[in-house]
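For reference, entry-v2.cif (mmCIF, N, CA, C and O atoms):
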```
data_work
loop_
_atom_site.label_atom_id
_atom_site.label_comp_id
_atom_site.auth_asym_id
_atom_site.auth_seq_id
_atom_site.Cartn_x
_atom_site.Cartn_y
_atom_site.Cartn_z
N MET A 50 23.11 6.92 -5.86
CA MET A 50 22.44 7.89 -6.69
C MET A 50 22.39 9.21 -5.92
O MET A 50 22.12 9.22 -4.74
N ASN A 51 22.64 10.31 -6.61
CA ASN A 51 22.60 11.58 -5.90
C ASN A 51 21.18 12.09 -5.72
O ASN A 51 20.25 11.66 -6.41
N GLN A 52 21.01 13.00 -4.80
CA GLN A 52 19.68 13.51 -4.42
C GLN A 52 18.98 14.21 -5.59
O GLN A 52 17.78 14.05 -5.78
N GLU A 53 19.72 14.96 -6.40
CA GLU A 53 19.09 15.68 -7.52
C GLU A 53 18.53 14.70 -8.55
O GLU A 53 17.42 14.90 -9.05
N LEU A 54 19.28 13.66 -8.86
CA LEU A 54 18.81 12.66 -9.82
C LEU A 54 17.60 11.92 -9.26
O LEU A 54 16.61 11.70 -9.97
N THR A 55 17.65 11.55 -8.00
CA THR A 55 16.53 10.87 -7.36
C THR A 55 15.27 11.73 -7.42
O THR A 55 14.19 11.24 -7.75
N GLN A 56 15.40 12.99 -7.11
CA GLN A 56 14.24 13.89 -7.14
C GLN A 56 13.73 14.08 -8.56
O GLN A 56 12.52 14.15 -8.78
N ALA A 57 14.62 14.17 -9.54
CA ALA A 57 14.20 14.33 -10.93
C ALA A 57 13.39 13.12 -11.39
O ALA A 57 12.36 13.27 -12.06
N ILE A 58 13.84 11.94 -11.01
CA ILE A 58 13.09 10.72 -11.37
C ILE A 58 11.75 10.71 -10.65
O ILE A 58 10.71 10.44 -11.25
N ALA A 59 11.77 11.01 -9.37
CA ALA A 59 10.54 11.00 -8.57
C ALA A 59 9.51 12.00 -9.09
O ALA A 59 8.30 11.73 -9.05
N LEU A 60 9.96 13.14 -9.59
CA LEU A 60 9.03 14.14 -10.10
C LEU A 60 8.21 13.62 -11.28
O LEU A 60 7.11 14.10 -11.55
N GLU A 61 8.74 12.63 -11.99
CA GLU A 61 8.04 12.06 -13.13
C GLU A 61 6.86 11.17 -12.71
O GLU A 61 5.98 10.89 -13.51
N VAL A 62 6.86 10.72 -11.48
CA VAL A 62 5.77 9.88 -10.98
C VAL A 62 4.61 10.79 -10.62
O VAL A 62 4.66 11.52 -9.65
N GLN A 63 3.55 10.73 -11.41
CA GLN A 63 2.43 11.66 -11.26
C GLN A 63 1.35 11.17 -10.29
O GLN A 63 0.37 11.85 -10.10
N LEU A 64 1.55 10.02 -9.69
CA LEU A 64 0.51 9.44 -8.85
C LEU A 64 0.43 10.01 -7.44
O LEU A 64 -0.58 9.87 -6.78
N PHE A 65 1.49 10.61 -6.97
CA PHE A 65 1.53 11.10 -5.60
C PHE A 65 1.87 12.58 -5.60
O PHE A 65 2.48 13.09 -6.52
N HIS A 66 1.48 13.27 -4.54
CA HIS A 66 1.65 14.72 -4.49
C HIS A 66 3.03 15.14 -4.00
O HIS A 66 3.66 15.99 -4.63
N SER A 67 3.49 14.58 -2.93
CA SER A 67 4.75 15.05 -2.37
C SER A 67 5.94 14.27 -2.93
O SER A 67 5.81 13.11 -3.32
N ILE A 68 7.07 14.92 -2.97
CA ILE A 68 8.28 14.29 -3.46
C ILE A 68 8.66 13.10 -2.59
O ILE A 68 9.14 12.08 -3.07
N GLU A 69 8.39 13.21 -1.27
CA GLU A 69 8.69 12.10 -0.36
C GLU A 69 7.86 10.87 -0.69
O GLU A 69 8.37 9.75 -0.68
N GLN A 70 6.57 11.06 -0.99
CA GLN A 70 5.71 9.94 -1.37
C GLN A 70 6.21 9.30 -2.67
O GLN A 70 6.23 8.08 -2.80
N LYS A 71 6.60 10.13 -3.60
CA LYS A 71 7.10 9.62 -4.88
C LYS A 71 8.39 8.83 -4.70
O LYS A 71 8.54 7.75 -5.26
N GLU A 72 9.30 9.36 -3.91
CA GLU A 72 10.56 8.66 -3.65
C GLU A 72 10.31 7.35 -2.91
O GLU A 72 10.91 6.32 -3.25
N ASN A 73 9.43 7.37 -1.91
CA ASN A 73 9.08 6.16 -1.18
C ASN A 73 8.50 5.10 -2.11
O ASN A 73 8.85 3.93 -2.03
N PHE A 74 7.59 5.54 -2.99
CA PHE A 74 6.96 4.61 -3.91
C PHE A 74 8.01 3.95 -4.81
O PHE A 74 7.99 2.72 -5.00
N LEU A 75 8.91 4.72 -5.36
CA LEU A 75 9.93 4.16 -6.25
C LEU A 75 10.84 3.19 -5.49
O LEU A 75 11.18 2.11 -6.01
N PHE A 76 11.22 3.55 -4.28
CA PHE A 76 12.05 2.66 -3.46
C PHE A 76 11.31 1.37 -3.16
O PHE A 76 11.85 0.26 -3.30
N LEU A 77 10.05 1.49 -2.73
CA LEU A 77 9.24 0.31 -2.39
C LEU A 77 8.97 -0.55 -3.61
O LEU A 77 8.96 -1.78 -3.52
N LEU A 78 8.78 0.07 -4.76
CA LEU A 78 8.55 -0.67 -5.98
C LEU A 78 9.75 -1.56 -6.29
O LEU A 78 9.60 -2.75 -6.60
N GLY A 79 10.94 -1.00 -6.18
CA GLY A 79 12.15 -1.79 -6.40
C GLY A 79 12.28 -2.92 -5.40
O GLY A 79 12.59 -4.05 -5.77
N ALA A 80 12.01 -2.64 -4.14
CA ALA A 80 12.10 -3.66 -3.10
C ALA A 80 11.05 -4.75 -3.30
O ALA A 80 11.32 -5.94 -3.11
N LEU A 81 9.88 -4.36 -3.73
CA LEU A 81 8.80 -5.31 -3.96
C LEU A 81 9.13 -6.23 -5.12
O LEU A 81 9.01 -7.45 -5.02
N LEU A 82 9.59 -5.66 -6.22
CA LEU A 82 9.91 -6.47 -7.39
C LEU A 82 11.12 -7.36 -7.17
O LEU A 82 11.24 -8.42 -7.77
N ALA A 83 12.01 -6.94 -6.27
CA ALA A 83 13.17 -7.77 -5.91
C ALA A 83 12.79 -8.79 -4.83
O ALA A 83 13.64 -9.57 -4.40
N LYS A 84 11.53 -8.77 -4.42
CA LYS A 84 11.00 -9.67 -3.38
C LYS A 84 11.72 -9.53 -2.04
O LYS A 84 11.92 -10.47 -1.31
N VAL A 85 12.11 -8.29 -1.74
CA VAL A 85 12.74 -7.97 -0.46
C VAL A 85 11.67 -7.70 0.59
O VAL A 85 11.87 -7.96 1.77
N ILE A 86 10.53 -7.15 0.14
CA ILE A 86 9.40 -6.87 1.03
C ILE A 86 8.14 -7.45 0.43
O ILE A 86 8.09 -7.79 -0.76
N SER A 87 7.11 -7.54 1.24
CA SER A 87 5.82 -8.06 0.77
C SER A 87 4.96 -6.92 0.24
O SER A 87 5.20 -5.74 0.55
N LEU A 88 3.95 -7.29 -0.52
CA LEU A 88 2.98 -6.31 -1.00
C LEU A 88 2.30 -5.64 0.19
O LEU A 88 2.08 -4.43 0.19
N GLN A 89 1.98 -6.43 1.20
CA GLN A 89 1.33 -5.90 2.41
C GLN A 89 2.19 -4.80 3.04
O GLN A 89 1.69 -3.74 3.40
N LYS A 90 3.49 -5.06 3.18
CA LYS A 90 4.39 -4.09 3.81
C LYS A 90 4.53 -2.85 2.94
O LYS A 90 4.52 -1.72 3.44
N ALA A 91 4.67 -3.01 1.62
CA ALA A 91 4.78 -1.86 0.72
C ALA A 91 3.54 -0.99 0.81
O ALA A 91 3.63 0.24 0.90
N ALA A 92 2.37 -1.62 0.81
CA ALA A 92 1.12 -0.87 0.91
C ALA A 92 1.02 -0.16 2.25
O ALA A 92 0.60 0.99 2.32
N GLU A 93 1.44 -0.85 3.30
CA GLU A 93 1.41 -0.26 4.64
C GLU A 93 2.27 1.00 4.72
O GLU A 93 1.84 2.02 5.25
N VAL A 94 3.47 0.93 4.18
CA VAL A 94 4.37 2.09 4.20
C VAL A 94 3.76 3.27 3.44
O VAL A 94 3.88 4.42 3.86
N MET A 95 3.07 2.96 2.33
CA MET A 95 2.45 4.02 1.53
C MET A 95 1.08 4.43 2.07
O MET A 95 0.43 5.30 1.51
N GLN A 96 0.65 3.80 3.15
CA GLN A 96 -0.65 4.05 3.77
C GLN A 96 -1.79 3.78 2.78
O GLN A 96 -2.72 4.57 2.63
N LEU A 97 -1.67 2.64 2.10
CA LEU A 97 -2.67 2.19 1.14
C LEU A 97 -3.09 0.77 1.50
O LEU A 97 -2.37 0.07 2.20
N GLU A 98 -4.22 0.37 0.99
CA GLU A 98 -4.62 -1.04 1.08
C GLU A 98 -3.85 -1.80 0.00
O GLU A 98 -3.54 -1.23 -1.05
N PRO A 99 -3.55 -3.07 0.25
CA PRO A 99 -2.83 -3.85 -0.77
C PRO A 99 -3.53 -3.84 -2.14
O PRO A 99 -2.86 -3.75 -3.17
N ALA A 100 -4.85 -3.89 -2.15
CA ALA A 100 -5.60 -3.86 -3.42
C ALA A 100 -5.37 -2.54 -4.15
O ALA A 100 -5.28 -2.51 -5.38
N GLU A 101 -5.27 -1.44 -3.39
CA GLU A 101 -5.01 -0.13 -4.00
C GLU A 101 -3.61 -0.09 -4.60
O GLU A 101 -3.40 0.45 -5.69
N PHE A 102 -2.64 -0.65 -3.87
CA PHE A 102 -1.26 -0.69 -4.36
C PHE A 102 -1.19 -1.51 -5.65
O PHE A 102 -0.55 -1.10 -6.61
N LEU A 103 -1.88 -2.66 -5.66
CA LEU A 103 -1.92 -3.48 -6.87
C LEU A 103 -2.57 -2.73 -8.03
O LEU A 103 -2.13 -2.86 -9.18
N LYS A 104 -3.60 -1.97 -7.75
CA LYS A 104 -4.28 -1.20 -8.80
C LYS A 104 -3.33 -0.16 -9.40
O LYS A 104 -3.30 0.02 -10.61
N ILE A 105 -2.54 0.48 -8.56
CA ILE A 105 -1.56 1.46 -9.04
C ILE A 105 -0.54 0.77 -9.94
O ILE A 105 -0.22 1.27 -11.02
N LEU A 106 -0.06 -0.39 -9.51
CA LEU A 106 0.89 -1.14 -10.33
C LEU A 106 0.27 -1.50 -11.68
O LEU A 106 0.91 -1.36 -12.72
N ASP A 107 -0.99 -1.93 -11.64
CA ASP A 107 -1.69 -2.29 -12.86
C ASP A 107 -1.84 -1.09 -13.79
O ASP A 107 -1.60 -1.19 -14.99
N LEU A 108 -2.21 0.05 -13.24
CA LEU A 108 -2.37 1.26 -14.04
C LEU A 108 -1.06 1.70 -14.67
O LEU A 108 -1.04 2.30 -15.75
N MET A 109 0.05 1.39 -14.00
CA MET A 109 1.37 1.74 -14.52
C MET A 109 1.90 0.68 -15.48
O MET A 109 2.97 0.84 -16.04
N GLY A 110 1.15 -0.40 -15.64
CA GLY A 110 1.58 -1.46 -16.55
C GLY A 110 2.65 -2.36 -15.96
O GLY A 110 3.39 -3.02 -16.68
N ILE A 111 2.73 -2.38 -14.63
CA ILE A 111 3.72 -3.20 -13.95
C ILE A 111 3.04 -4.48 -13.48
O ILE A 111 2.09 -4.44 -12.70
N GLU A 112 3.52 -5.62 -14.00
CA GLU A 112 2.94 -6.89 -13.61
C GLU A 112 3.58 -7.35 -12.31
O GLU A 112 4.80 -7.36 -12.18
N PHE A 113 2.74 -7.72 -11.36
CA PHE A 113 3.23 -8.22 -10.09
C PHE A 113 2.44 -9.46 -9.74
O PHE A 113 1.23 -9.50 -9.88
N SER A 114 3.13 -10.47 -9.28
CA SER A 114 2.48 -11.70 -8.88
C SER A 114 3.12 -12.20 -7.60
O SER A 114 4.32 -12.07 -7.40
N TYR A 115 2.31 -12.80 -6.76
CA TYR A 115 2.81 -13.44 -5.56
C TYR A 115 3.52 -14.75 -5.90
O TYR A 115 4.25 -15.29 -5.12
N LEU A 116 3.22 -15.26 -7.07
CA LEU A 116 3.73 -16.56 -7.47
C LEU A 116 5.11 -16.46 -8.09
O LEU A 116 5.44 -15.48 -8.73
N SER A 117 5.89 -17.53 -7.93
CA SER A 117 7.18 -17.60 -8.62
C SER A 117 6.91 -17.94 -10.08
O SER A 117 5.80 -18.32 -10.46
N GLU A 118 7.93 -17.85 -10.93
CA GLU A 118 7.76 -18.18 -12.33
C GLU A 118 7.35 -19.64 -12.50
O GLU A 118 6.55 -19.97 -13.38
N GLU A 119 7.89 -20.51 -11.65
CA GLU A 119 7.53 -21.93 -11.71
C GLU A 119 6.06 -22.12 -11.34
O GLU A 119 5.36 -22.92 -11.97
N ASP A 120 5.59 -21.39 -10.33
CA ASP A 120 4.20 -21.48 -9.93
C ASP A 120 3.27 -21.03 -11.06
O ASP A 120 2.23 -21.63 -11.30
N VAL A 121 3.66 -19.96 -11.75
CA VAL A 121 2.85 -19.45 -12.86
C VAL A 121 2.76 -20.51 -13.95
O VAL A 121 1.68 -20.76 -14.51
N ALA A 122 3.88 -21.16 -14.27
CA ALA A 122 3.88 -22.20 -15.30
C ALA A 122 2.95 -23.35 -14.91
O ALA A 122 2.19 -23.86 -15.74
N VAL A 123 2.99 -23.75 -13.65
CA VAL A 123 2.12 -24.83 -13.18
C VAL A 123 0.66 -24.42 -13.29
O VAL A 123 -0.18 -25.19 -13.77
N GLU A 124 0.34 -23.20 -12.89
CA GLU A 124 -1.04 -22.71 -12.95
C GLU A 124 -1.55 -22.65 -14.38
O GLU A 124 -2.70 -22.97 -14.65
N LYS A 125 -0.69 -22.24 -15.32
CA LYS A 125 -1.10 -22.15 -16.73
C LYS A 125 -1.38 -23.53 -17.32
O LYS A 125 -2.20 -23.66 -18.21
N ASN A 126 -0.69 -24.54 -16.83
CA ASN A 126 -0.87 -25.89 -17.36
C ASN A 126 -2.01 -26.66 -16.72
O ASN A 126 -2.30 -27.77 -17.11
N TRP A 127 -2.68 -26.08 -15.76
CA TRP A 127 -3.79 -26.76 -15.10
C TRP A 127 -4.97 -26.80 -15.96
O TRP A 127 -5.66 -26.27 -16.48
#
```
Please rewrite the model in this file as structure tokens.
Amino acid sequence: MNQELTQAIALEVQLFHSIEQKENFLFLLGALLAKVISLQKAAEVMQLEPAEFLKILDLMGIEFSYLSEEDVAVEKNW
């Protein structure tokens, strides 16, 4: 992805002030959802508490779970 497109996308994220924070958040969000990094590490990079990072995801309507899909199914059937 080119730098101009990345910055244009990042500018749409209204939660952070600097373009670097916005770009970091989008990168970390992708890595988190792909399960490449942990919530703890993503929050650490953004200098947030994990609960704060989860709250941001919730406010954005992004569902995140530590559990696998199989784990969720088991929990729902309990």
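The two atoms in question, atom CA of Lys125 of chain A and atom CA of Gly110 of chain A, are spaced 20.9 Å apart.
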Interatomic distance between atom CA of Leu77 of chain A and atom CA of Ala91 of chain A?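 Distance between the two atoms: 5.9 Å.
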Have a look at atom N of Leu106 of chain A and atom CA of Ala83 of chain A and let me know their distance in Å, one decimal.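 Going from atom N of Leu106 of chain A over to atom CA of Ala83 of chain A covers 15.6 Å.
Proximity ranking of A:Ala122, A:Val85, A:Gln96, A:Glu53 relative to Asn73 of chain A places A:Gln96 first, based on only C-alpha atoms.
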Report as JSON the centre and the edge lengths, in Å to one decimal, of the axis-aligned box holding every listed atom of segment 84-102 of chain A, padded by 3 Å on each side.
```
{"center_x": 3.6, "center_y": -2.6, "center_z": -0.7, "size_x": 24.3, "size_y": 21.8, "size_z": 17.9}
```
Tell me which of A:Leu82, A:Ala100, A:Asn126, A:Val94 sits closest to Ser114 of chain A, counting all atoms listed in the file. A:Leu82
Leaving out Glu98 of chain A and any residue of its chain fewer than 6 positions from it, which residues lie within 8 Å of it when counting only N, CA, C and O atoms, given as a list in words? Leu88, Gln89, Ala91, Ala92, Lys104 and Ile105 of chain A
Neighbours of point (6.3, -4.7, -10.2) within 7 Å, using only C-alpha atoms, written as JSON, numbers by chain: {"A": [78, 81, 82, 106, 111, 112, 113]}
